[in-house]
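Structure file query31.csv (CSV, C-alpha atoms and all ligand atoms) is printed below.
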chain,number,residue,atom,x,y,z
G,70,MET,CA,-6.8,-35.1,61.9
G,71,SER,CA,-3.3,-34.4,63.0
G,72,LEU,CA,-3.0,-36.8,65.9
G,73,GLY,CA,-2.0,-39.3,63.4
G,74,THR,CA,0.5,-37.0,61.7
G,75,ASN,CA,1.9,-35.8,65.0
G,76,MET,CA,2.4,-39.3,66.1
G,77,MET,CA,4.1,-40.1,62.9
G,78,ASP,CA,6.4,-37.2,63.3
G,79,PHE,CA,7.2,-38.4,66.8
G,80,LEU,CA,7.8,-41.9,65.6
G,81,SER,CA,10.0,-40.7,62.8
G,82,SER,CA,12.2,-39.0,65.4
G,83,ALA,CA,14.2,-40.8,68.0
G,84,THR,CA,12.2,-44.0,68.3
G,85,ALA,CA,12.3,-44.8,64.6
G,86,ARG,CA,16.0,-43.9,64.4
G,87,THR,CA,16.7,-46.5,67.1
G,88,LEU,CA,14.7,-49.1,65.1
G,89,ALA,CA,16.4,-48.2,61.9
G,90,GLU,CA,19.9,-48.3,63.3
G,91,GLY,CA,20.0,-52.0,63.9
G,92,GLY,CA,16.6,-53.4,64.7
G,93,LEU,CA,14.7,-53.9,68.0
G,94,MET,CA,17.2,-56.3,69.6
G,95,HIS,CA,20.1,-53.8,69.0
G,96,ASN,CA,18.6,-51.7,71.8
G,97,TRP,CA,18.0,-53.5,75.1
G,98,TYR,CA,15.4,-51.0,76.0
G,99,PHE,CA,13.2,-51.2,72.9
G,100,LEU,CA,12.8,-47.5,73.4
G,101,SER,CA,14.1,-44.2,72.0
G,102,GLU,CA,17.2,-43.2,73.8
G,103,GLY,CA,16.5,-41.1,76.9
G,104,ALA,CA,17.7,-37.5,76.7
G,105,SER,CA,18.8,-37.0,80.3
G,106,GLU,CA,20.5,-39.0,83.0
G,107,SER,CA,17.3,-39.4,84.9
G,108,ALA,CA,15.6,-40.7,81.8
G,109,ARG,CA,18.3,-43.3,81.7
G,110,ASP,CA,17.5,-44.3,85.3
G,111,THR,CA,13.8,-44.5,84.5
G,112,ASP,CA,14.6,-46.8,81.6
G,113,ASP,CA,16.9,-49.0,83.7
G,114,MET,CA,14.2,-49.4,86.4
G,115,PHE,CA,11.5,-50.0,83.8
G,116,MET,CA,13.6,-52.6,82.0
G,117,TRP,CA,14.7,-54.3,85.2
G,118,LEU,CA,11.0,-54.7,86.2
G,119,TRP,CA,10.2,-55.9,82.7
G,120,TRP,CA,12.8,-58.7,82.7
G,121,PHE,CA,12.1,-59.5,86.3
G,122,CYS,CA,8.4,-60.1,85.5
G,123,LEU,CA,9.3,-62.0,82.3
G,124,ILE,CA,11.8,-64.4,83.9
G,125,TRP,CA,9.4,-65.2,86.8
G,126,PHE,CA,6.5,-65.7,84.5
G,127,VAL,CA,8.4,-68.1,82.2
G,128,PHE,CA,9.9,-69.9,85.2
G,129,LEU,CA,6.5,-70.3,87.1
G,130,MET,CA,4.5,-71.2,84.0
G,131,GLY,CA,7.2,-73.7,83.0
G,132,LEU,CA,7.1,-75.4,86.3
G,133,MET,CA,3.4,-75.5,86.3
G,134,GLY,CA,3.3,-77.0,82.8
G,135,TYR,CA,6.0,-79.5,83.6
G,136,TRP,CA,4.3,-80.7,86.8
G,137,THR,CA,1.0,-80.9,85.2
G,138,LEU,CA,2.3,-83.4,82.7
G,139,LYS,CA,4.6,-85.2,85.2
G,140,TYR,CA,1.9,-85.8,87.8
G,141,LEU,CA,-0.9,-86.4,85.4
G,142,ARG,CA,-2.8,-89.3,87.0
G,143,LYS,CA,-2.2,-92.5,85.1
G,144,ARG,CA,-5.2,-94.7,84.2
G,145,GLY,CA,-5.8,-97.4,86.8
G,146,THR,CA,-3.8,-95.7,89.6
G,147,ILE,CA,-5.2,-94.2,92.8
G,148,ALA,CA,-4.5,-90.5,93.3
G,149,PRO,CA,-1.9,-89.9,96.1
G,150,ARG,CA,-3.0,-87.9,99.1
G,151,SER,CA,-1.9,-84.2,99.1
G,152,THR,CA,1.0,-83.5,101.5
G,153,HIS,CA,0.5,-81.2,104.5
G,154,HIS,CA,2.6,-78.1,105.3
G,155,ASN,CA,6.2,-77.8,104.2
G,156,THR,CA,7.6,-75.0,106.5
G,157,PRO,CA,10.9,-74.3,104.8
G,158,LEU,CA,9.3,-74.1,101.4
G,159,GLU,CA,6.6,-71.8,102.7
G,160,ILE,CA,9.1,-69.5,104.4
G,161,ALA,CA,11.2,-69.4,101.2
G,162,TRP,CA,8.3,-68.5,98.9
G,163,THR,CA,7.2,-65.7,101.3
G,164,VAL,CA,10.6,-64.2,102.2
G,165,ILE,CA,12.3,-64.2,98.8
G,166,PRO,CA,9.5,-62.4,96.9
G,167,THR,CA,9.2,-60.0,99.8
G,168,LEU,CA,12.8,-59.1,99.5
G,169,PHE,CA,12.4,-58.4,95.8
G,170,LEU,CA,9.4,-56.2,96.5
G,171,VAL,CA,11.2,-54.2,99.1
G,172,TYR,CA,14.0,-53.7,96.6
G,173,ILE,CA,11.5,-52.5,94.0
G,174,PHE,CA,9.8,-50.2,96.4
G,175,PHE,CA,13.0,-48.4,97.5
G,176,ARG,CA,14.4,-48.2,94.0
G,177,GLY,CA,11.1,-46.6,92.8
G,178,PHE,CA,10.9,-44.4,95.8
G,179,PHE,CA,14.4,-42.9,95.3
G,180,GLY,CA,13.8,-42.6,91.6
G,181,TYR,CA,10.6,-40.7,92.3
G,182,MET,CA,12.3,-38.4,94.7
G,183,ASP,CA,15.0,-37.6,92.2
G,184,LYS,CA,12.3,-36.8,89.7
G,185,VAL,CA,10.2,-34.5,91.8
G,186,VAL,CA,12.9,-32.6,93.9
G,187,SER,CA,14.8,-30.3,91.7
G,188,PRO,CA,18.4,-29.3,92.6
G,189,GLY,CA,18.5,-26.0,94.4
G,190,GLU,CA,20.7,-24.3,91.8
G,191,ALA,CA,18.2,-25.1,89.0
G,192,LEU,CA,17.4,-22.2,86.6
G,193,GLU,CA,13.7,-21.4,86.9
G,194,ILE,CA,11.6,-20.8,83.7
G,195,ASN,CA,7.9,-20.0,83.7
G,196,LEU,CA,5.6,-22.2,81.6
G,197,THR,CA,2.0,-21.4,80.8
G,198,GLY,CA,-0.4,-23.9,79.3
G,199,SER,CA,-3.6,-22.6,77.7
G,200,LYS,CA,-6.1,-24.1,75.1
G,201,TRP,CA,-4.2,-25.2,73.0
G,202,SER,CA,-0.6,-24.0,73.2
G,203,TRP,CA,2.4,-23.6,75.5
G,204,ALA,CA,4.3,-20.4,76.3
G,205,MET,CA,7.6,-20.0,78.1
G,206,LEU,CA,8.7,-16.8,79.8
G,207,TYR,CA,12.5,-16.8,80.2
G,208,PRO,CA,14.2,-15.2,83.3
G,209,ASN,CA,15.1,-12.0,81.4
G,210,GLY,CA,11.5,-11.5,80.3
G,211,ALA,CA,12.1,-12.9,76.8
G,212,GLU,CA,9.6,-15.1,75.1
G,213,SER,CA,10.3,-17.5,72.2
G,214,THR,CA,8.4,-16.6,69.1
G,215,GLU,CA,9.8,-19.3,66.8
G,216,THR,CA,7.6,-22.0,65.5
G,217,THR,CA,8.2,-25.2,63.7
G,218,ARG,CA,6.0,-27.6,61.9
G,219,VAL,CA,5.2,-30.9,63.6
G,220,GLY,CA,2.9,-33.1,61.6
G,221,ALA,CA,0.2,-30.7,60.4
G,222,VAL,CA,0.6,-28.0,63.1
G,223,ASP,CA,2.9,-25.1,63.8
G,224,VAL,CA,4.2,-25.5,67.3
G,225,PRO,CA,6.3,-23.2,69.5
G,226,VAL,CA,10.1,-23.9,69.8
G,227,PHE,CA,11.6,-23.4,73.3
G,228,TYR,CA,15.4,-23.2,73.4
G,229,MET,CA,17.0,-24.9,76.4
G,230,PRO,CA,20.6,-25.0,77.6
G,231,ALA,CA,22.2,-28.4,77.7
G,232,GLU,CA,23.6,-29.8,81.0
G,233,VAL,CA,21.9,-27.1,83.1
G,234,PRO,CA,19.3,-28.1,85.6
G,235,ILE,CA,16.0,-26.4,84.6
G,236,ARG,CA,13.0,-26.1,86.8
G,237,LEU,CA,9.8,-25.2,85.0
G,238,ARG,CA,7.3,-23.3,87.1
G,239,MET,CA,4.0,-24.2,85.5
G,240,ASN,CA,0.5,-22.8,85.5
G,241,SER,CA,-2.6,-23.0,83.2
G,242,THR,CA,-4.8,-20.1,82.2
G,243,ASP,CA,-7.9,-22.3,81.7
G,244,VAL,CA,-8.3,-26.1,82.2
G,245,MET,CA,-5.9,-28.9,83.3
G,246,HIS,CA,-3.1,-29.7,80.9
G,247,ALA,CA,0.0,-31.9,81.4
G,248,PHE,CA,3.5,-31.2,80.2
G,249,TRP,CA,5.0,-34.4,78.8
G,250,VAL,CA,8.3,-34.9,77.2
G,251,PRO,CA,8.7,-38.6,76.2
G,252,ASP,CA,12.4,-38.2,75.4
G,253,LEU,CA,13.0,-37.0,79.0
G,254,ARG,CA,10.7,-39.6,80.5
G,255,THR,CA,9.0,-37.0,82.5
G,256,LYS,CA,5.5,-35.6,82.8
G,257,GLN,CA,3.6,-33.2,85.2
G,258,ASP,CA,0.1,-31.8,85.4
G,259,VAL,CA,-0.3,-28.1,84.7
G,260,LEU,CA,-3.2,-26.7,86.7
G,261,PRO,CA,-5.3,-23.5,86.5
G,262,ASN,CA,-5.1,-22.3,90.1
G,263,ARG,CA,-1.9,-23.9,91.5
G,264,TYR,CA,1.7,-23.9,90.5
G,265,THR,CA,3.4,-27.2,89.8
G,266,THR,CA,7.0,-27.8,88.9
G,267,LEU,CA,9.0,-30.2,86.8
G,268,TRP,CA,12.8,-30.3,86.4
G,269,PHE,CA,15.2,-31.9,84.0
G,270,LYS,CA,18.8,-31.6,82.9
G,271,ALA,CA,19.0,-32.4,79.2
G,272,ASN,CA,22.0,-34.1,77.7
G,273,SER,CA,24.2,-32.2,75.3
G,274,PRO,CA,23.4,-32.7,71.6
G,275,PRO,CA,25.3,-35.9,70.6
G,276,ALA,CA,28.3,-35.8,68.3
G,277,ASP,CA,26.2,-36.5,65.2
G,278,ALA,CA,23.5,-34.0,66.1
G,279,LYS,CA,22.0,-31.7,63.5
G,280,THR,CA,23.4,-28.2,63.3
G,281,MET,CA,21.7,-24.8,62.9
G,282,PRO,CA,21.8,-23.4,59.4
G,283,THR,CA,24.7,-21.1,58.7
G,284,SER,CA,22.9,-18.9,56.2
G,285,ALA,CA,19.3,-17.8,55.4
G,286,LEU,CA,19.7,-19.7,52.2
G,287,GLU,CA,20.5,-23.0,54.0
G,288,ALA,CA,17.6,-22.3,56.4
G,289,ALA,CA,15.1,-22.0,53.6
G,290,GLY,CA,13.3,-25.3,53.2
G,291,SER,CA,14.6,-26.5,56.6
G,292,LYS,CA,12.5,-26.6,59.7
G,293,VAL,CA,14.9,-24.4,61.5
G,294,LYS,CA,15.0,-20.6,61.5
G,295,PHE,CA,18.3,-18.8,60.6
G,296,ILE,CA,19.6,-17.0,63.7
G,297,GLU,CA,22.9,-15.5,62.9
G,298,ASP,CA,24.3,-15.9,66.4
G,299,LEU,CA,23.6,-19.6,66.4
G,300,ALA,CA,25.1,-20.5,63.0
G,301,GLY,CA,26.5,-24.0,63.0
G,302,VAL,CA,25.5,-24.8,66.6
G,303,PRO,CA,24.5,-28.4,67.2
G,304,TYR,CA,21.0,-29.0,68.6
G,305,THR,CA,18.6,-31.8,69.5
G,306,ASP,CA,14.8,-31.4,69.4
G,307,HIS,CA,12.5,-33.1,71.9
G,308,ILE,CA,8.8,-33.1,71.3
G,309,VAL,CA,6.4,-31.9,74.0
G,310,PHE,CA,2.8,-33.2,74.2
G,311,CYS,CA,-0.1,-32.3,76.3
G,312,ALA,CA,-1.0,-35.5,78.2
G,313,GLU,CA,-4.4,-34.4,79.7
G,314,TYR,CA,-7.4,-34.3,77.5
G,315,CYS,CA,-8.2,-30.5,77.4
G,316,GLY,CA,-10.6,-30.0,74.5
G,317,ASP,CA,-11.1,-30.7,70.9
G,318,GLN,CA,-7.6,-29.6,69.8
G,319,HIS,CA,-5.8,-31.3,72.6
G,320,SER,CA,-3.8,-33.4,70.2
G,321,GLU,CA,-2.3,-30.3,68.6
G,322,MET,CA,-1.1,-28.9,71.8
G,323,ALA,CA,2.6,-29.7,71.2
G,324,ALA,CA,5.9,-27.9,71.4
G,325,VAL,CA,9.5,-28.5,70.7
G,326,LEU,CA,12.3,-28.3,73.3
G,327,ARG,CA,15.4,-27.4,71.4
G,328,VAL,CA,18.5,-28.2,73.4
G,329,VAL,CA,21.6,-26.3,72.5
G,330,PRO,CA,25.0,-25.9,74.3
G,331,GLU,CA,24.8,-23.4,77.2
G,332,ASP,CA,26.9,-20.6,75.6
G,333,ALA,CA,24.8,-20.7,72.4
G,334,TRP,CA,21.7,-20.6,74.6
G,335,ASN,CA,22.9,-17.4,76.3
G,336,ARG,CA,23.5,-15.8,72.9
G,337,TRP,CA,20.1,-16.8,71.7
G,338,LEU,CA,18.4,-15.4,74.8
G,339,ALA,CA,20.1,-12.0,74.2
G,340,VAL,CA,18.9,-12.0,70.7
G,341,ILE,CA,15.2,-12.9,71.3
G,342,ALA,CA,14.8,-10.7,74.4
G,343,GLU,CA,13.9,-7.9,72.0
G,344,GLY,CA,11.8,-9.9,69.6
G,345,THR,CA,13.1,-10.2,66.1
G,346,GLY,CA,11.9,-8.3,63.1
G,347,THR,CA,9.2,-5.7,62.6
G,348,LEU,CA,6.1,-5.4,64.7
G,349,ARG,CA,4.2,-7.2,62.0
G,350,ASP,CA,6.7,-10.1,62.2
G,351,ILE,CA,6.4,-10.3,65.9
G,352,GLY,CA,2.7,-10.2,65.5
G,353,GLU,CA,2.8,-13.1,63.0
G,354,ALA,CA,5.1,-15.1,65.3
G,355,THR,CA,2.8,-14.4,68.3
G,356,PHE,CA,-0.2,-15.4,66.3
G,357,LYS,CA,1.4,-18.7,65.4
G,358,THR,CA,2.4,-19.6,68.9
G,359,LYS,CA,-0.7,-18.4,70.7
G,360,CYS,CA,-3.7,-17.8,68.5
G,361,ALA,CA,-3.4,-20.1,65.4
G,362,THR,CA,-5.1,-23.1,67.2
G,363,CYS,CA,-8.4,-21.2,67.1
G,364,HIS,CA,-8.0,-18.5,64.4
G,365,THR,CA,-7.1,-18.8,60.7
G,366,ILE,CA,-5.7,-16.2,58.3
G,367,ASP,CA,-7.2,-17.5,55.1
G,368,GLY,CA,-10.9,-16.8,55.8
G,369,THR,CA,-11.9,-20.3,57.0
G,370,ARG,CA,-14.0,-20.5,60.1
G,371,SER,CA,-12.4,-22.2,63.1
G,372,THR,CA,-13.1,-22.2,66.8
G,373,GLY,CA,-12.9,-18.4,66.4
G,374,PRO,CA,-13.3,-16.0,63.5
G,375,SER,CA,-10.7,-15.8,60.7
G,376,TRP,CA,-8.4,-12.8,60.8
G,377,LYS,CA,-8.6,-12.3,57.1
G,378,ASN,CA,-10.5,-9.1,56.4
G,379,LEU,CA,-11.6,-8.9,60.1
G,380,TYR,CA,-10.0,-5.6,60.8
G,381,GLY,CA,-12.1,-2.7,59.6
G,382,TYR,CA,-15.2,-4.6,58.6
G,383,ASP,CA,-18.5,-4.4,60.4
G,384,ARG,CA,-18.6,-6.9,63.3
G,385,PRO,CA,-22.0,-8.0,64.5
G,386,LEU,CA,-22.0,-9.2,68.1
G,387,VAL,CA,-24.2,-11.6,70.0
G,388,GLY,CA,-27.0,-9.5,71.4
G,389,GLY,CA,-27.5,-7.4,68.2
G,390,LYS,CA,-24.8,-4.7,68.7
G,391,VAL,CA,-22.6,-4.0,65.7
G,392,ILE,CA,-19.0,-2.5,65.8
G,393,LYS,CA,-18.7,-0.3,62.8
G,394,GLY,CA,-15.8,-1.0,60.5
G,395,ASP,CA,-15.4,2.6,59.4
G,396,ASP,CA,-14.8,4.0,62.9
G,397,PRO,CA,-11.1,3.6,63.6
G,398,ASP,CA,-11.1,4.3,67.3
G,399,ALA,CA,-14.2,2.2,68.2
G,400,PHE,CA,-12.9,-0.7,66.1
G,401,TYR,CA,-9.4,-0.6,67.6
G,402,ASN,CA,-10.8,-0.5,71.1
G,403,TYR,CA,-13.1,-3.4,70.3
G,404,ILE,CA,-10.1,-5.5,69.2
G,405,VAL,CA,-8.0,-4.7,72.2
G,406,GLU,CA,-10.9,-5.5,74.5
G,407,SER,CA,-11.6,-8.8,72.6
G,408,ILE,CA,-8.0,-9.8,73.4
G,409,LYS,CA,-7.8,-8.6,76.9
G,410,GLU,CA,-11.3,-9.6,78.0
G,411,PRO,CA,-12.5,-12.1,75.5
G,412,GLY,CA,-15.7,-12.9,77.4
G,413,LYS,CA,-17.1,-9.3,77.4
G,414,GLU,CA,-18.4,-9.1,73.9
G,415,ILE,CA,-18.9,-12.2,71.8
G,416,ALA,CA,-18.6,-12.2,68.0
G,417,ASP,CA,-21.9,-13.2,66.5
G,418,THR,CA,-22.4,-16.9,65.7
G,419,TYR,CA,-19.4,-17.8,67.9
G,420,LYS,CA,-19.2,-19.1,71.4
G,421,ASN,CA,-17.4,-17.7,74.4
G,422,GLN,CA,-14.5,-20.1,74.0
G,423,MET,CA,-11.5,-17.8,74.0
G,424,SER,CA,-9.4,-17.8,77.2
G,425,ILE,CA,-7.5,-14.9,78.6
G,426,ILE,CA,-4.0,-15.2,77.2
G,427,PRO,CA,-1.3,-13.3,79.0
G,428,LEU,CA,0.3,-10.8,76.6
G,429,LYS,CA,2.6,-7.9,76.9
G,430,GLU,CA,1.5,-4.5,75.5
G,431,LYS,CA,4.0,-4.8,72.7
G,432,GLN,CA,2.6,-8.2,71.6
G,433,ILE,CA,-0.9,-6.8,71.5
G,434,ILE,CA,0.1,-4.0,69.3
G,435,ALA,CA,2.2,-6.4,67.2
G,436,LEU,CA,-0.8,-8.7,66.8
G,437,ILE,CA,-3.0,-5.8,65.7
G,438,GLU,CA,-0.4,-4.8,63.1
G,439,TYR,CA,-0.4,-8.3,61.8
G,440,MET,CA,-4.2,-8.5,61.8
G,441,LYS,CA,-4.3,-5.2,59.8
G,442,SER,CA,-1.8,-6.6,57.3
G,443,LEU,CA,-4.4,-9.3,56.6
G,444,SER,CA,-7.2,-6.8,55.8
G,445,ASP,CA,-7.8,-4.6,52.8
G,446,ALA,CA,-10.3,-2.3,54.7
G,447,PRO,CA,-9.5,1.4,54.5
G,448,ILE,CA,-8.9,1.8,58.3
G,449,ALA,CA,-6.4,-1.0,58.3
G,450,LYS,CA,-4.0,1.3,56.5
G,451,LEU,CA,-4.1,3.9,59.3
G,452,PRO,CA,-1.3,3.9,61.9
G,453,THR,CA,-2.0,1.8,65.0
G,454,PRO,CA,-2.3,3.9,68.2
G,455,GLY,CA,0.7,3.2,70.5
G,456,ALA,CA,2.8,1.5,67.8
G,457,GLU,CA,5.4,4.3,67.6
G,458,LYS,CA,6.8,3.5,71.0
G,459,PHE,CA,7.6,-0.1,70.0
G,460,GLN,CA,9.1,0.5,66.5
G,461,GLN,CA,12.4,-1.5,66.2
G,462,PRO,CA,15.4,0.8,66.5
G,463,ALA,CA,17.4,0.6,63.3
G,464,ASP,CA,20.3,-1.4,64.9
G,465,GLY,CA,18.1,-3.5,67.3
G,466,ALA,CA,19.9,-3.0,70.6
G,467,ALA,CA,20.3,-6.4,72.3
G,468,ALA,CA,19.3,-7.1,75.9
G,469,PRO,CA,22.0,-7.9,78.5
G,470,PRO,CA,22.9,-11.6,78.4
G,471,MET,CA,21.3,-13.9,81.0
G,472,GLN,CA,23.3,-15.3,83.9
G,473,THR,CA,23.0,-19.0,84.3
G,474,PRO,CA,23.9,-20.6,87.6
G,475,SER,CA,27.3,-22.3,87.8
G,476,LYS,CA,27.2,-26.1,88.0
O,501,CU,CU,-3.8,-29.5,77.1

Mind turning this structure into structure tokens?
Amino acid sequence: MSLGTNMMDFLSSATARTLAEGGLMHNWYFLSEGASESARDTDDMFMWLWWFCLIWFVFLMGLMGYWTLKYLRKRGTIAPRSTHHNTPLEIAWTVIPTLFLVYIFFRGFFGYMDKVVSPGEALEINLTGSKWSWAMLYPNGAESTETTRVGAVDVPVFYMPAEVPIRLRMNSTDVMHAFWVPDLRTKQDVLPNRYTTLWFKANSPPADAKTMPTSALEAAGSKVKFIEDLAGVPYTDHIVFCAEYCGDQHSEMAAVLRVVPEDAWNRWLAVIAEGTGTLRDIGEATFKTKCATCHTIDGTRSTGPSWKNLYGYDRPLVGGKVIKGDDPDAFYNYIVESIKEPGKEIADTYKNQMSIIPLKEKQIIALIEYMKSLSDAPIAKLPTPGAEKFQQPADGAAAPPMQTPSK
């Protein structure tokens, strides 16, 4: 359903802007503008090959057509005998194309090496793919909890510093995925039992880039959240896709890389290290980034059960056992267990399709707070065991700022 809308959103971004700003021929590349230097190299190589093939094709087909007509046998004449070898001609048509091919090989080889070997000083960020979402763990332990709407789905937003080489250390918790950022012209498989890496250095937001809202009022109705420390900062969004078919919601496995200037990024990192808002807010944000592909909050059945009125209502399990909704401890333990070891007990009429999603203790508590806020059962009103230790301090102490490597 949303593949179409996702694609539309993607097309309405950079590609369509290029088209709108002067038509196809305005842009040699026929492509959206690459968002890094290496993307530019890729485009140059690609377009070089494209024109190389096109020119040779036209030249060769032209000659063929011309000679076909020119040497068409005239009525009443005898066909001339074919000539034998022509050594200079044969050497020429072997050596010249070979030189071109050698050039193409080396250019491709060096371009490939640039793409796969990251600079030593690159900043390493962990990326996890799971059905059907992406998660990034920043070097100071922070995780992004912001989401934005792309097409018909809410996808996570990952802030990235501009002009800083970033190396993603990637892993999957379930099946094979692939991290693909068309604007950066780069893509890499993300595998369950092996780490892969991908690096990029995103360009700074251009002079006419959009800017972050300067007030909550301005943010209302925009796709961007109001973060006080980022007011007025320019940013560019690049859409991330999963490029490896990984199950029925593969097409919704998207994310947004939001590139901001490095100093703004440092401020952002300090703010989000603690998670913003109440536990319930953090739970809601975590739900949107990690659980919403399979669970709903409005009572509709999806891959997994809806969270509406889940907490505190009798839960029948496959095998006949029932978790009683009026027993606060048993129910709480069942929920924690369902999150930590999803395969152990299976909710009745569902399949064992939930993967183990790495979560911190605080996120689990926050998710439960959120789940309880969606339920009107009596036990949902009781305090959550363990929540006290994560309650936000009144003046949310910020984490120490991250160090980024010098360039
Ligand atoms: Cu995937």

Selection near Pro188 in chain G, 12 Å with only C-alpha atoms, sequence-local residues under 5 positions removed, as a PDB file with C-alpha atoms, in the coordinates of the input:
ATOM      1  CA  MET G 182      12.300 -38.400  94.700  1.00  0.00           C
ATOM      2  CA  ASP G 183      15.000 -37.600  92.200  1.00  0.00           C
ATOM      3  CA  GLU G 193      13.700 -21.400  86.900  1.00  0.00           C
ATOM      4  CA  VAL G 233      21.900 -27.100  83.100  1.00  0.00           C
ATOM      5  CA  PRO G 234      19.300 -28.100  85.600  1.00  0.00           C
ATOM      6  CA  ILE G 235      16.000 -26.400  84.600  1.00  0.00           C
ATOM      7  CA  ARG G 236      13.000 -26.100  86.800  1.00  0.00           C
ATOM      8  CA  LEU G 267       9.000 -30.200  86.800  1.00  0.00           C
ATOM      9  CA  TRP G 268      12.800 -30.300  86.400  1.00  0.00           C
ATOM     10  CA  PHE G 269      15.200 -31.900  84.000  1.00  0.00           C
ATOM     11  CA  LYS G 270      18.800 -31.600  82.900  1.00  0.00           C
ATOM     12  CA  PRO G 474      23.900 -20.600  87.600  1.00  0.00           C
ATOM     13  CA  LYS G 476      27.200 -26.100  88.000  1.00  0.00           C
TER      14      LYS G 476
END

Fewer than 2 positions away in the same chain doesn't count, so skip those; otherwise give me all residues within 12 Å of range 365-374 of chain G, counting all atoms listed in the file, as a count of residues only. 39

Kindly provide the residues of chain G that approach ligand CU 501 (chain O) to within 12 Å, each paired with its closest atom pair and their distance in Å to one decimal, based on all atoms listed in the file, listed by chain and increasing number, as a tab-separated table.
residue	atom	partner	partner_atom	distance
G:Thr197	CA	O:CU501	CU	10.6
G:Gly198	CA	O:CU501	CU	6.9
G:Ser199	CA	O:CU501	CU	6.9
G:Lys200	CA	O:CU501	CU	6.2
G:Trp201	CA	O:CU501	CU	6.0
G:Ser202	CA	O:CU501	CU	7.5
G:Trp203	CA	O:CU501	CU	8.7
G:Asn240	CA	O:CU501	CU	11.6
G:Ser241	CA	O:CU501	CU	9.0
G:Thr242	CA	O:CU501	CU	10.7
G:Asp243	CA	O:CU501	CU	9.5
G:Val244	CA	O:CU501	CU	7.6
G:Met245	CA	O:CU501	CU	6.6
G:His246	CA	O:CU501	CU	3.9
G:Ala247	CA	O:CU501	CU	6.2
G:Phe248	CA	O:CU501	CU	8.1
G:Trp249	CA	O:CU501	CU	10.2
G:Gln257	CA	O:CU501	CU	11.6
G:Asp258	CA	O:CU501	CU	9.5
G:Val259	CA	O:CU501	CU	8.5
G:Leu260	CA	O:CU501	CU	10.0
G:Pro261	CA	O:CU501	CU	11.3
G:Val309	CA	O:CU501	CU	10.9
G:Phe310	CA	O:CU501	CU	8.1
G:Cys311	CA	O:CU501	CU	4.7
G:Ala312	CA	O:CU501	CU	6.7
G:Glu313	CA	O:CU501	CU	5.6
G:Tyr314	CA	O:CU501	CU	6.0
G:Cys315	CA	O:CU501	CU	4.5
G:Gly316	CA	O:CU501	CU	7.3
G:Asp317	CA	O:CU501	CU	9.7
G:Gln318	CA	O:CU501	CU	8.2
G:His319	CA	O:CU501	CU	5.2
G:Ser320	CA	O:CU501	CU	7.9
G:Glu321	CA	O:CU501	CU	8.7
G:Met322	CA	O:CU501	CU	6.0
G:Ala323	CA	O:CU501	CU	8.7
G:Ala324	CA	O:CU501	CU	11.4
G:Thr362	CA	O:CU501	CU	11.9

So the first atom is CA of Asp306 in chain G and the second is CA of Gly180 in chain G; what is the distance between them in Å, to one decimal place? 24.9 Å

Could you pull out every residue with an atom within 10 Å of (15.0, -44.7, 84.4), file coordinates, counting all atoms listed in the file, and send them as a ChimeraX atom specification? /G:103,105-117,177,180-181,184,253-255
